[in-house]
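A.B. asks: Structure below; questions to follow.
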Amino acid sequence: MSGKTLLAIHDVNSMTFEQFTTVFGNVVEHCSLCAAAVWQHRPFTDVDHIHQLICDVLDNFPNDAKQGVLCLHPDLAGSVAGLTSESQNEQKAAGIDSLTQDERAKMQERNTSYREKFGFPFVICARKNKTQAILDGLKLRLQNNIEEEVRNGVEQVKEIALLRLFSIVEH
Ligand SMILES: NC(=O)N[C@H]1NC(=O)NC1=O
C-alpha cells in the first residue's frame, strides 16, 4: 500500500480536461488519448464507470490501433530504463525484480519469440500474475493466432487499467 490519498468521484468530476488527462493519462500505458476520450462523459458515477468508458474506447479502436496500444507497453523483465512508475510497481508486484537468472532468460526468450510472431509485445496484468503464471501464459499464448492475441492483449490492458484506476479513485 502506498498510503496515497484516493480521490472521491466528485473531485474527479470537477477536474479540468488538463487535470484529468494529467492524473489519468497513464491508466492505459503511454496512451493519454484514452483518458482524453472519456473526459467529455463526466459526470462519472463511480470508478467502474470511468473504467467502462475506457474499455469502450479500447474496444472501438480499429485493429491496427489496438496493436499500437499493445506496442506502447514495455516488455516484462526488459530494460528498466524509462519504465513508468506504474509499470515498475506492477513488475515488482509480480516478482519480476527478483527473478532467478534462469527465469529472466526464459522470460526474455519467450518475449522475443512472441514479438517476432505477432509484432507487438506480450501484455499481461502483472499484478494478477506472478512469475510462473507469466512464464506459463507466454508459452500458452505463443500458440494462438494474431486475432486471439490482439483480443487477449487488450483484455489485459483493461485489467491493468482497472487496477491503476483503483490506485487513483476511491471505490
Ligand atoms: N508487457 C506488459 O504486460 N506490461 C505491462 N503489464 C503490467 O502489468 N504492467 C505493464 O507495464
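Ordering of the C-alpha cells sets the chain letters (A, B, ...); residue numbers start at 1 within each chain; ligands are numbered from 1 in the order shown.
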Can you tell me which residues surround Thr112 of chain A at a distance of at most 12 Å, considering only C-alpha atoms, apart from same-chain residues fewer than 2 positions away, and format the answer as a PDB file with N, CA, C and O atoms, in the first residue's frame?
C.D. replies:
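Dumped to selection.pdb:
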```
ATOM      1  N   ASP A  75       8.295  -4.508 -22.385  1.00  0.00           N
ATOM      2  CA  ASP A  75       8.423  -5.947 -22.105  1.00  0.00           C
ATOM      3  C   ASP A  75       8.565  -6.170 -20.608  1.00  0.00           C
ATOM      4  O   ASP A  75       9.277  -5.423 -19.936  1.00  0.00           O
ATOM      5  N   LEU A  76       7.920  -7.206 -20.094  1.00  0.00           N
ATOM      6  CA  LEU A  76       8.155  -7.606 -18.706  1.00  0.00           C
ATOM      7  C   LEU A  76       9.563  -8.206 -18.650  1.00  0.00           C
ATOM      8  O   LEU A  76       9.956  -8.947 -19.556  1.00  0.00           O
ATOM      9  N   ALA A  77      10.315  -7.834 -17.617  1.00  0.00           N
ATOM     10  CA  ALA A  77      11.703  -8.288 -17.464  1.00  0.00           C
ATOM     11  C   ALA A  77      12.613  -7.735 -18.563  1.00  0.00           C
ATOM     12  O   ALA A  77      13.680  -8.271 -18.820  1.00  0.00           O
ATOM     13  N   GLY A  78      12.165  -6.651 -19.201  1.00  0.00           N
ATOM     14  CA  GLY A  78      13.026  -5.990 -20.183  1.00  0.00           C
ATOM     15  C   GLY A  78      13.862  -4.932 -19.498  1.00  0.00           C
ATOM     16  O   GLY A  78      14.084  -4.987 -18.281  1.00  0.00           O
ATOM     17  N   ALA A 105      16.083 -15.262 -18.168  1.00  0.00           N
ATOM     18  CA  ALA A 105      16.464 -15.663 -19.532  1.00  0.00           C
ATOM     19  C   ALA A 105      15.266 -16.258 -20.262  1.00  0.00           C
ATOM     20  O   ALA A 105      15.009 -15.961 -21.430  1.00  0.00           O
ATOM     21  N   LYS A 106      14.502 -17.111 -19.543  1.00  0.00           N
ATOM     22  CA  LYS A 106      13.332 -17.750 -20.146  1.00  0.00           C
ATOM     23  C   LYS A 106      12.281 -16.710 -20.519  1.00  0.00           C
ATOM     24  O   LYS A 106      11.687 -16.750 -21.602  1.00  0.00           O
ATOM     25  N   MET A 107      12.044 -15.754 -19.639  1.00  0.00           N
ATOM     26  CA  MET A 107      11.021 -14.728 -19.910  1.00  0.00           C
ATOM     27  C   MET A 107      11.437 -13.872 -21.103  1.00  0.00           C
ATOM     28  O   MET A 107      10.629 -13.589 -21.997  1.00  0.00           O
ATOM     29  N   GLN A 108      12.704 -13.498 -21.148  1.00  0.00           N
ATOM     30  CA  GLN A 108      13.163 -12.650 -22.256  1.00  0.00           C
ATOM     31  C   GLN A 108      13.119 -13.414 -23.580  1.00  0.00           C
ATOM     32  O   GLN A 108      12.717 -12.882 -24.610  1.00  0.00           O
ATOM     33  N   GLU A 109      13.493 -14.684 -23.516  1.00  0.00           N
ATOM     34  CA  GLU A 109      13.483 -15.515 -24.731  1.00  0.00           C
ATOM     35  C   GLU A 109      12.046 -15.669 -25.261  1.00  0.00           C
ATOM     36  O   GLU A 109      11.791 -15.513 -26.456  1.00  0.00           O
ATOM     37  N   ARG A 110      11.106 -15.923 -24.360  1.00  0.00           N
ATOM     38  CA  ARG A 110       9.704 -16.087 -24.784  1.00  0.00           C
ATOM     39  C   ARG A 110       9.114 -14.756 -25.242  1.00  0.00           C
ATOM     40  O   ARG A 110       8.323 -14.724 -26.192  1.00  0.00           O
ATOM     41  N   TYR A 114       7.555 -14.109 -28.905  1.00  0.00           N
ATOM     42  CA  TYR A 114       6.191 -13.555 -29.008  1.00  0.00           C
ATOM     43  C   TYR A 114       6.190 -12.339 -29.923  1.00  0.00           C
ATOM     44  O   TYR A 114       5.377 -12.217 -30.831  1.00  0.00           O
ATOM     45  N   ARG A 115       7.129 -11.421 -29.690  1.00  0.00           N
ATOM     46  CA  ARG A 115       7.249 -10.217 -30.528  1.00  0.00           C
ATOM     47  C   ARG A 115       7.513 -10.579 -31.989  1.00  0.00           C
ATOM     48  O   ARG A 115       6.982  -9.964 -32.899  1.00  0.00           O
ATOM     49  N   GLU A 116       8.370 -11.587 -32.194  1.00  0.00           N
ATOM     50  CA  GLU A 116       8.683 -11.998 -33.573  1.00  0.00           C
ATOM     51  C   GLU A 116       7.437 -12.555 -34.261  1.00  0.00           C
ATOM     52  O   GLU A 116       7.199 -12.319 -35.436  1.00  0.00           O
ATOM     53  N   LYS A 117       6.634 -13.314 -33.508  1.00  0.00           N
ATOM     54  CA  LYS A 117       5.450 -13.911 -34.116  1.00  0.00           C
ATOM     55  C   LYS A 117       4.354 -12.883 -34.387  1.00  0.00           C
ATOM     56  O   LYS A 117       3.736 -12.897 -35.448  1.00  0.00           O
ATOM     57  N   PHE A 118       4.104 -11.973 -33.403  1.00  0.00           N
ATOM     58  CA  PHE A 118       2.928 -11.104 -33.511  1.00  0.00           C
ATOM     59  C   PHE A 118       3.234  -9.648 -33.892  1.00  0.00           C
ATOM     60  O   PHE A 118       2.349  -8.921 -34.324  1.00  0.00           O
ATOM     61  N   GLY A 119       4.459  -9.208 -33.656  1.00  0.00           N
ATOM     62  CA  GLY A 119       4.805  -7.818 -33.997  1.00  0.00           C
ATOM     63  C   GLY A 119       4.447  -6.813 -32.907  1.00  0.00           C
ATOM     64  O   GLY A 119       4.547  -5.612 -33.109  1.00  0.00           O
ATOM     65  N   PHE A 120       3.991  -7.306 -31.749  1.00  0.00           N
ATOM     66  CA  PHE A 120       3.749  -6.439 -30.590  1.00  0.00           C
ATOM     67  C   PHE A 120       4.141  -7.238 -29.345  1.00  0.00           C
ATOM     68  O   PHE A 120       4.266  -8.465 -29.405  1.00  0.00           O
ATOM     69  N   PRO A 121       4.356  -6.529 -28.219  1.00  0.00           N
ATOM     70  CA  PRO A 121       4.820  -7.248 -27.023  1.00  0.00           C
ATOM     71  C   PRO A 121       3.731  -8.061 -26.332  1.00  0.00           C
ATOM     72  O   PRO A 121       2.545  -7.752 -26.472  1.00  0.00           O
ATOM     73  N   PHE A 122       4.162  -9.062 -25.594  1.00  0.00           N
ATOM     74  CA  PHE A 122       3.259  -9.855 -24.760  1.00  0.00           C
ATOM     75  C   PHE A 122       2.808  -8.979 -23.602  1.00  0.00           C
ATOM     76  O   PHE A 122       3.631  -8.453 -22.853  1.00  0.00           O
ATOM     77  N   LEU A 138       2.954 -16.960 -21.314  1.00  0.00           N
ATOM     78  CA  LEU A 138       3.737 -16.712 -22.533  1.00  0.00           C
ATOM     79  C   LEU A 138       3.767 -17.955 -23.408  1.00  0.00           C
ATOM     80  O   LEU A 138       3.520 -17.895 -24.619  1.00  0.00           O
ATOM     81  N   LYS A 139       4.054 -19.079 -22.779  1.00  0.00           N
ATOM     82  CA  LYS A 139       4.173 -20.333 -23.520  1.00  0.00           C
ATOM     83  C   LYS A 139       2.851 -20.677 -24.210  1.00  0.00           C
ATOM     84  O   LYS A 139       2.816 -21.032 -25.391  1.00  0.00           O
ATOM     85  N   LEU A 142       1.701 -18.030 -26.953  1.00  0.00           N
ATOM     86  CA  LEU A 142       2.532 -18.100 -28.168  1.00  0.00           C
ATOM     87  C   LEU A 142       1.911 -19.009 -29.220  1.00  0.00           C
ATOM     88  O   LEU A 142       2.203 -18.898 -30.411  1.00  0.00           O
TER      89      LEU A 142
END
```
A.B. asks: Could you produce a table of the residues of chain A lying within 8 Å of ligand 1, with the nearest pair of atoms per residue and their separation in Å rounded to one decimal, using only C-alpha atoms and all ligand atoms, ordered by chain and increasing residue number, as a tab-separated table?
C.D. replies:
```
residue	atom	partner	partner_atom_place_in_ligand_line	distance
A:Glu29	CA	ligand 1	11 (O)	6.6
A:His73	CA	ligand 1	4 (N)	5.1
A:Pro74	CA	ligand 1	1 (N)	5.0
A:Asp75	CA	ligand 1	1 (N)	4.3
A:Leu76	CA	ligand 1	1 (N)	4.8
A:Leu83	CA	ligand 1	11 (O)	7.9
A:Thr84	CA	ligand 1	11 (O)	7.7
A:Glu86	CA	ligand 1	9 (N)	7.0
A:Ser87	CA	ligand 1	11 (O)	4.0
A:Gln88	CA	ligand 1	11 (O)	7.2
A:Glu90	CA	ligand 1	8 (O)	5.1
A:Gln91	CA	ligand 1	8 (O)	6.4
A:Pro121	CA	ligand 1	1 (N)	6.0
A:Phe122	CA	ligand 1	1 (N)	5.3
A:Val123	CA	ligand 1	3 (O)	3.2
A:Ile124	CA	ligand 1	3 (O)	4.0
A:Cys125	CA	ligand 1	8 (O)	3.8
A:Ala126	CA	ligand 1	8 (O)	3.6
A:Arg127	CA	ligand 1	8 (O)	5.7
A:Lys128	CA	ligand 1	8 (O)	7.9
A:Gln156	CA	ligand 1	3 (O)	7.6
A:Val157	CA	ligand 1	6 (N)	7.6
A:Ile160	CA	ligand 1	8 (O)	5.6
```
A.B. asks: Please produce a file of the residues just selected, as an mmCIF file, in the first residue's frame, where the atoms kept are N, CA, C and O atoms.
C.D. replies:
```
data_model
loop_
_atom_site.group_PDB
_atom_site.id
_atom_site.type_symbol
_atom_site.label_atom_id
_atom_site.label_comp_id
_atom_site.auth_asym_id
_atom_site.auth_seq_id
_atom_site.Cartn_x
_atom_site.Cartn_y
_atom_site.Cartn_z
ATOM 1 N N GLU A 29 -1.190 2.492 -20.448
ATOM 2 C CA GLU A 29 0.240 2.833 -20.549
ATOM 3 C C GLU A 29 0.557 3.712 -21.775
ATOM 4 O O GLU A 29 0.298 3.307 -22.917
ATOM 5 N N HIS A 73 3.407 -0.811 -24.538
ATOM 6 C CA HIS A 73 3.783 -1.470 -23.277
ATOM 7 C C HIS A 73 5.227 -1.970 -23.302
ATOM 8 O O HIS A 73 5.670 -2.511 -24.314
ATOM 9 N N PRO A 74 5.913 -1.809 -22.176
ATOM 10 C CA PRO A 74 7.277 -2.331 -22.104
ATOM 11 C C PRO A 74 7.262 -3.848 -21.918
ATOM 12 O O PRO A 74 6.304 -4.387 -21.369
ATOM 13 N N ASP A 75 8.295 -4.508 -22.385
ATOM 14 C CA ASP A 75 8.423 -5.947 -22.105
ATOM 15 C C ASP A 75 8.565 -6.170 -20.608
ATOM 16 O O ASP A 75 9.277 -5.423 -19.936
ATOM 17 N N LEU A 76 7.920 -7.206 -20.094
ATOM 18 C CA LEU A 76 8.155 -7.606 -18.706
ATOM 19 C C LEU A 76 9.563 -8.206 -18.650
ATOM 20 O O LEU A 76 9.956 -8.947 -19.556
ATOM 21 N N LEU A 83 11.103 3.065 -17.601
ATOM 22 C CA LEU A 83 9.816 2.449 -17.212
ATOM 23 C C LEU A 83 8.966 3.472 -16.477
ATOM 24 O O LEU A 83 9.474 4.242 -15.667
ATOM 25 N N THR A 84 7.652 3.489 -16.730
ATOM 26 C CA THR A 84 6.767 4.347 -15.933
ATOM 27 C C THR A 84 6.739 3.778 -14.506
ATOM 28 O O THR A 84 6.977 2.576 -14.302
ATOM 29 N N GLU A 86 4.236 3.249 -12.709
ATOM 30 C CA GLU A 86 3.164 2.257 -12.621
ATOM 31 C C GLU A 86 3.675 0.886 -13.045
ATOM 32 O O GLU A 86 3.499 -0.109 -12.342
ATOM 33 N N SER A 87 4.327 0.847 -14.218
ATOM 34 C CA SER A 87 4.803 -0.432 -14.732
ATOM 35 C C SER A 87 5.864 -1.036 -13.810
ATOM 36 O O SER A 87 5.876 -2.245 -13.550
ATOM 37 N N GLN A 88 6.732 -0.157 -13.295
ATOM 38 C CA GLN A 88 7.782 -0.635 -12.388
ATOM 39 C C GLN A 88 7.165 -1.294 -11.145
ATOM 40 O O GLN A 88 7.574 -2.389 -10.739
ATOM 41 N N GLU A 90 4.160 -2.575 -10.854
ATOM 42 C CA GLU A 90 3.433 -3.787 -11.242
ATOM 43 C C GLU A 90 4.405 -4.959 -11.436
ATOM 44 O O GLU A 90 4.130 -6.084 -11.005
ATOM 45 N N GLN A 91 5.525 -4.676 -12.072
ATOM 46 C CA GLN A 91 6.510 -5.745 -12.306
ATOM 47 C C GLN A 91 7.078 -6.240 -10.969
ATOM 48 O O GLN A 91 7.317 -7.427 -10.782
ATOM 49 N N PRO A 121 4.356 -6.529 -28.219
ATOM 50 C CA PRO A 121 4.820 -7.248 -27.023
ATOM 51 C C PRO A 121 3.731 -8.061 -26.332
ATOM 52 O O PRO A 121 2.545 -7.752 -26.472
ATOM 53 N N PHE A 122 4.162 -9.062 -25.594
ATOM 54 C CA PHE A 122 3.259 -9.855 -24.760
ATOM 55 C C PHE A 122 2.808 -8.979 -23.602
ATOM 56 O O PHE A 122 3.631 -8.453 -22.853
ATOM 57 N N VAL A 123 1.492 -8.808 -23.468
ATOM 58 C CA VAL A 123 0.963 -7.976 -22.378
ATOM 59 C C VAL A 123 0.100 -8.832 -21.460
ATOM 60 O O VAL A 123 -0.790 -9.565 -21.922
ATOM 61 N N ILE A 124 0.392 -8.721 -20.165
ATOM 62 C CA ILE A 124 -0.376 -9.453 -19.152
ATOM 63 C C ILE A 124 -0.416 -8.591 -17.899
ATOM 64 O O ILE A 124 0.523 -7.816 -17.654
ATOM 65 N N CYS A 125 -1.501 -8.678 -17.148
ATOM 66 C CA CYS A 125 -1.625 -7.871 -15.933
ATOM 67 C C CYS A 125 -0.693 -8.454 -14.864
ATOM 68 O O CYS A 125 -0.978 -9.499 -14.274
ATOM 69 N N ALA A 126 0.412 -7.770 -14.629
ATOM 70 C CA ALA A 126 1.442 -8.311 -13.734
ATOM 71 C C ALA A 126 0.982 -8.342 -12.274
ATOM 72 O O ALA A 126 1.456 -9.154 -11.495
ATOM 73 N N ARG A 127 0.043 -7.494 -11.919
ATOM 74 C CA ARG A 127 -0.455 -7.516 -10.530
ATOM 75 C C ARG A 127 -1.298 -8.767 -10.263
ATOM 76 O O ARG A 127 -1.507 -9.148 -9.117
ATOM 77 N N LYS A 128 -1.807 -9.377 -11.305
ATOM 78 C CA LYS A 128 -2.656 -10.561 -11.109
ATOM 79 C C LYS A 128 -1.924 -11.850 -11.447
ATOM 80 O O LYS A 128 -2.520 -12.933 -11.381
ATOM 81 N N GLN A 156 -6.094 -7.706 -21.226
ATOM 82 C CA GLN A 156 -5.115 -7.491 -20.152
ATOM 83 C C GLN A 156 -4.902 -6.001 -19.905
ATOM 84 O O GLN A 156 -4.762 -5.568 -18.763
ATOM 85 N N VAL A 157 -4.884 -5.210 -20.989
ATOM 86 C CA VAL A 157 -4.747 -3.749 -20.843
ATOM 87 C C VAL A 157 -5.909 -3.214 -19.994
ATOM 88 O O VAL A 157 -5.724 -2.356 -19.127
ATOM 89 N N ILE A 160 -5.251 -4.103 -16.347
ATOM 90 C CA ILE A 160 -4.208 -3.212 -15.817
ATOM 91 C C ILE A 160 -4.827 -1.842 -15.525
ATOM 92 O O ILE A 160 -4.586 -1.246 -14.470
#
```
A.B. asks: Name the residues in contact with Asn26 of chain A at a cut-off of 10 Å, using only C-alpha atoms, excluding same-chain residues fewer than 3 positions from it; report them as a PyMOL selection string.
C.D. replies: chain A and resi 21-23+29-35+84-87+161+164-165
A.B. asks: Please dump the current selection as a PDB file, in the first residue's frame; keep C-alpha atoms.
C.D. replies:
```pdb
ATOM      1  CA  THR A  21      -5.516  13.893 -18.508  1.00  0.00           C
ATOM      2  CA  THR A  22      -2.548  14.577 -16.217  1.00  0.00           C
ATOM      3  CA  VAL A  23      -3.916  12.335 -13.452  1.00  0.00           C
ATOM      4  CA  GLU A  29       0.240   2.833 -20.549  1.00  0.00           C
ATOM      5  CA  HIS A  30       1.548   5.836 -22.536  1.00  0.00           C
ATOM      6  CA  CYS A  31      -1.905   6.324 -24.074  1.00  0.00           C
ATOM      7  CA  SER A  32      -3.350   9.566 -22.690  1.00  0.00           C
ATOM      8  CA  LEU A  33      -5.783   9.552 -25.622  1.00  0.00           C
ATOM      9  CA  CYS A  34      -7.833   7.005 -23.658  1.00  0.00           C
ATOM     10  CA  ALA A  35      -8.244   9.482 -20.787  1.00  0.00           C
ATOM     11  CA  THR A  84       6.767   4.347 -15.933  1.00  0.00           C
ATOM     12  CA  SER A  85       6.432   4.158 -12.146  1.00  0.00           C
ATOM     13  CA  GLU A  86       3.164   2.257 -12.621  1.00  0.00           C
ATOM     14  CA  SER A  87       4.803  -0.432 -14.732  1.00  0.00           C
ATOM     15  CA  ALA A 161      -6.298  -0.040 -16.307  1.00  0.00           C
ATOM     16  CA  ARG A 164      -4.445   1.657 -11.971  1.00  0.00           C
ATOM     17  CA  LEU A 165      -7.817   3.421 -11.562  1.00  0.00           C
TER      18      LEU A 165
END
```
A.B. asks: Hey, what does DSSP flag as helix (DSSP H, G or I) within segment 7-163 of chain A? Can you give it to me as a VMD selection string?
C.D. replies: chain A and resid 9 to 13 17 to 24 32 to 41 47 to 60 63 to 71 85 to 93 96 to 98 101 to 118 131 to 141 146 to 163
A.B. asks: Can I get the selected residues back with C-alpha atoms, as an mmCIF file, in the first residue's frame?
C.D. replies:
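Saved the output as out.cif:
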```
data_model
loop_
_atom_site.group_PDB
_atom_site.id
_atom_site.type_symbol
_atom_site.label_atom_id
_atom_site.label_comp_id
_atom_site.auth_asym_id
_atom_site.auth_seq_id
_atom_site.Cartn_x
_atom_site.Cartn_y
_atom_site.Cartn_z
ATOM 1 C CA ILE A 9 -15.563 10.694 -7.581
ATOM 2 C CA HIS A 10 -16.878 14.260 -7.096
ATOM 3 C CA ASP A 11 -13.260 15.501 -7.067
ATOM 4 C CA VAL A 12 -12.699 13.711 -10.370
ATOM 5 C CA ASN A 13 -15.872 15.228 -11.815
ATOM 6 C CA PHE A 17 -9.502 18.464 -19.000
ATOM 7 C CA GLU A 18 -5.830 19.221 -18.323
ATOM 8 C CA GLN A 19 -6.044 17.993 -14.717
ATOM 9 C CA PHE A 20 -7.942 14.880 -15.756
ATOM 10 C CA THR A 21 -5.516 13.893 -18.508
ATOM 11 C CA THR A 22 -2.548 14.577 -16.217
ATOM 12 C CA VAL A 23 -3.916 12.335 -13.452
ATOM 13 C CA PHE A 24 -5.447 9.608 -15.670
ATOM 14 C CA SER A 32 -3.350 9.566 -22.690
ATOM 15 C CA LEU A 33 -5.783 9.552 -25.622
ATOM 16 C CA CYS A 34 -7.833 7.005 -23.658
ATOM 17 C CA ALA A 35 -8.244 9.482 -20.787
ATOM 18 C CA ALA A 36 -8.803 12.384 -23.184
ATOM 19 C CA ALA A 37 -11.578 10.470 -24.919
ATOM 20 C CA VAL A 38 -13.613 9.784 -21.760
ATOM 21 C CA TRP A 39 -13.491 13.237 -20.137
ATOM 22 C CA GLN A 40 -16.492 14.506 -22.097
ATOM 23 C CA HIS A 41 -18.633 11.761 -20.499
ATOM 24 C CA VAL A 47 -14.628 4.465 -10.778
ATOM 25 C CA ASP A 48 -16.207 1.497 -12.585
ATOM 26 C CA HIS A 49 -17.990 3.964 -14.854
ATOM 27 C CA ILE A 50 -14.625 5.507 -15.855
ATOM 28 C CA HIS A 51 -13.277 2.005 -16.442
ATOM 29 C CA GLN A 52 -16.229 1.014 -18.617
ATOM 30 C CA LEU A 53 -15.760 4.138 -20.744
ATOM 31 C CA ILE A 54 -12.051 3.397 -21.192
ATOM 32 C CA CYS A 55 -12.920 -0.188 -22.157
ATOM 33 C CA ASP A 56 -15.381 1.166 -24.732
ATOM 34 C CA VAL A 57 -12.675 3.432 -26.190
ATOM 35 C CA LEU A 58 -10.308 0.456 -26.489
ATOM 36 C CA ASP A 59 -12.998 -1.801 -27.978
ATOM 37 C CA ASN A 60 -13.889 0.828 -30.577
ATOM 38 C CA ASN A 63 -7.415 -3.414 -35.121
ATOM 39 C CA ASP A 64 -4.219 -1.526 -36.048
ATOM 40 C CA ALA A 65 -4.784 0.974 -33.204
ATOM 41 C CA LYS A 66 -5.284 -1.912 -30.748
ATOM 42 C CA GLN A 67 -1.924 -3.314 -31.856
ATOM 43 C CA GLY A 68 -0.478 0.192 -31.399
ATOM 44 C CA VAL A 69 -1.763 0.297 -27.802
ATOM 45 C CA LEU A 70 -0.105 -3.053 -27.110
ATOM 46 C CA CYS A 71 3.145 -1.689 -28.596
ATOM 47 C CA SER A 85 6.432 4.158 -12.146
ATOM 48 C CA GLU A 86 3.164 2.257 -12.621
ATOM 49 C CA SER A 87 4.803 -0.432 -14.732
ATOM 50 C CA GLN A 88 7.782 -0.635 -12.388
ATOM 51 C CA ASN A 89 5.496 -1.202 -9.369
ATOM 52 C CA GLU A 90 3.433 -3.787 -11.242
ATOM 53 C CA GLN A 91 6.510 -5.745 -12.306
ATOM 54 C CA LYS A 92 7.726 -5.647 -8.719
ATOM 55 C CA ALA A 93 4.347 -6.971 -7.511
ATOM 56 C CA ILE A 96 9.975 -9.643 -11.778
ATOM 57 C CA ASP A 97 12.537 -7.578 -9.910
ATOM 58 C CA SER A 98 13.757 -10.731 -8.172
ATOM 59 C CA GLN A 101 18.894 -15.842 -13.893
ATOM 60 C CA ASP A 102 17.144 -18.816 -15.448
ATOM 61 C CA GLU A 103 13.664 -17.282 -15.112
ATOM 62 C CA ARG A 104 14.837 -13.951 -16.544
ATOM 63 C CA ALA A 105 16.464 -15.663 -19.532
ATOM 64 C CA LYS A 106 13.332 -17.750 -20.146
ATOM 65 C CA MET A 107 11.021 -14.728 -19.910
ATOM 66 C CA GLN A 108 13.163 -12.650 -22.256
ATOM 67 C CA GLU A 109 13.483 -15.515 -24.731
ATOM 68 C CA ARG A 110 9.704 -16.087 -24.784
ATOM 69 C CA ASN A 111 9.035 -12.333 -25.026
ATOM 70 C CA THR A 112 11.300 -12.221 -28.084
ATOM 71 C CA SER A 113 9.554 -15.177 -29.731
ATOM 72 C CA TYR A 114 6.191 -13.555 -29.008
ATOM 73 C CA ARG A 115 7.249 -10.217 -30.528
ATOM 74 C CA GLU A 116 8.683 -11.998 -33.573
ATOM 75 C CA LYS A 117 5.450 -13.911 -34.116
ATOM 76 C CA PHE A 118 2.928 -11.104 -33.511
ATOM 77 C CA THR A 131 6.396 -15.074 -12.309
ATOM 78 C CA GLN A 132 5.369 -18.667 -13.045
ATOM 79 C CA ALA A 133 1.922 -17.627 -14.328
ATOM 80 C CA ILE A 134 3.581 -15.114 -16.666
ATOM 81 C CA LEU A 135 6.020 -17.741 -17.977
ATOM 82 C CA ASP A 136 3.186 -20.239 -18.458
ATOM 83 C CA GLY A 137 0.995 -17.571 -20.072
ATOM 84 C CA LEU A 138 3.737 -16.712 -22.533
ATOM 85 C CA LYS A 139 4.173 -20.333 -23.520
ATOM 86 C CA LEU A 140 0.442 -20.877 -23.956
ATOM 87 C CA ARG A 141 -0.377 -17.636 -25.738
ATOM 88 C CA ILE A 146 -2.849 -12.881 -34.032
ATOM 89 C CA GLU A 147 -6.592 -12.174 -33.719
ATOM 90 C CA GLU A 148 -6.708 -14.084 -30.428
ATOM 91 C CA GLU A 149 -3.647 -12.264 -29.164
ATOM 92 C CA VAL A 150 -4.912 -8.777 -30.032
ATOM 93 C CA ARG A 151 -8.045 -9.727 -28.086
ATOM 94 C CA ASN A 152 -6.135 -11.234 -25.139
ATOM 95 C CA GLY A 153 -3.684 -8.335 -25.024
ATOM 96 C CA VAL A 154 -6.445 -5.710 -24.994
ATOM 97 C CA GLU A 155 -8.317 -7.606 -22.226
ATOM 98 C CA GLN A 156 -5.115 -7.491 -20.152
ATOM 99 C CA VAL A 157 -4.747 -3.749 -20.843
ATOM 100 C CA LYS A 158 -8.281 -3.345 -19.424
ATOM 101 C CA GLU A 159 -7.356 -5.277 -16.265
ATOM 102 C CA ILE A 160 -4.208 -3.212 -15.817
ATOM 103 C CA ALA A 161 -6.298 -0.040 -16.307
ATOM 104 C CA LEU A 162 -8.831 -1.068 -13.623
ATOM 105 C CA LEU A 163 -6.110 -1.634 -11.021
#
```
A.B. asks: Record the distance separating atom CA of Ala94 of chain A and atom CA of Leu7 of chain A, expressed in Å with one decimal.
C.D. replies: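 Separation of atom CA of Ala94 of chain A and atom CA of Leu7 of chain A: 25.8 Å.
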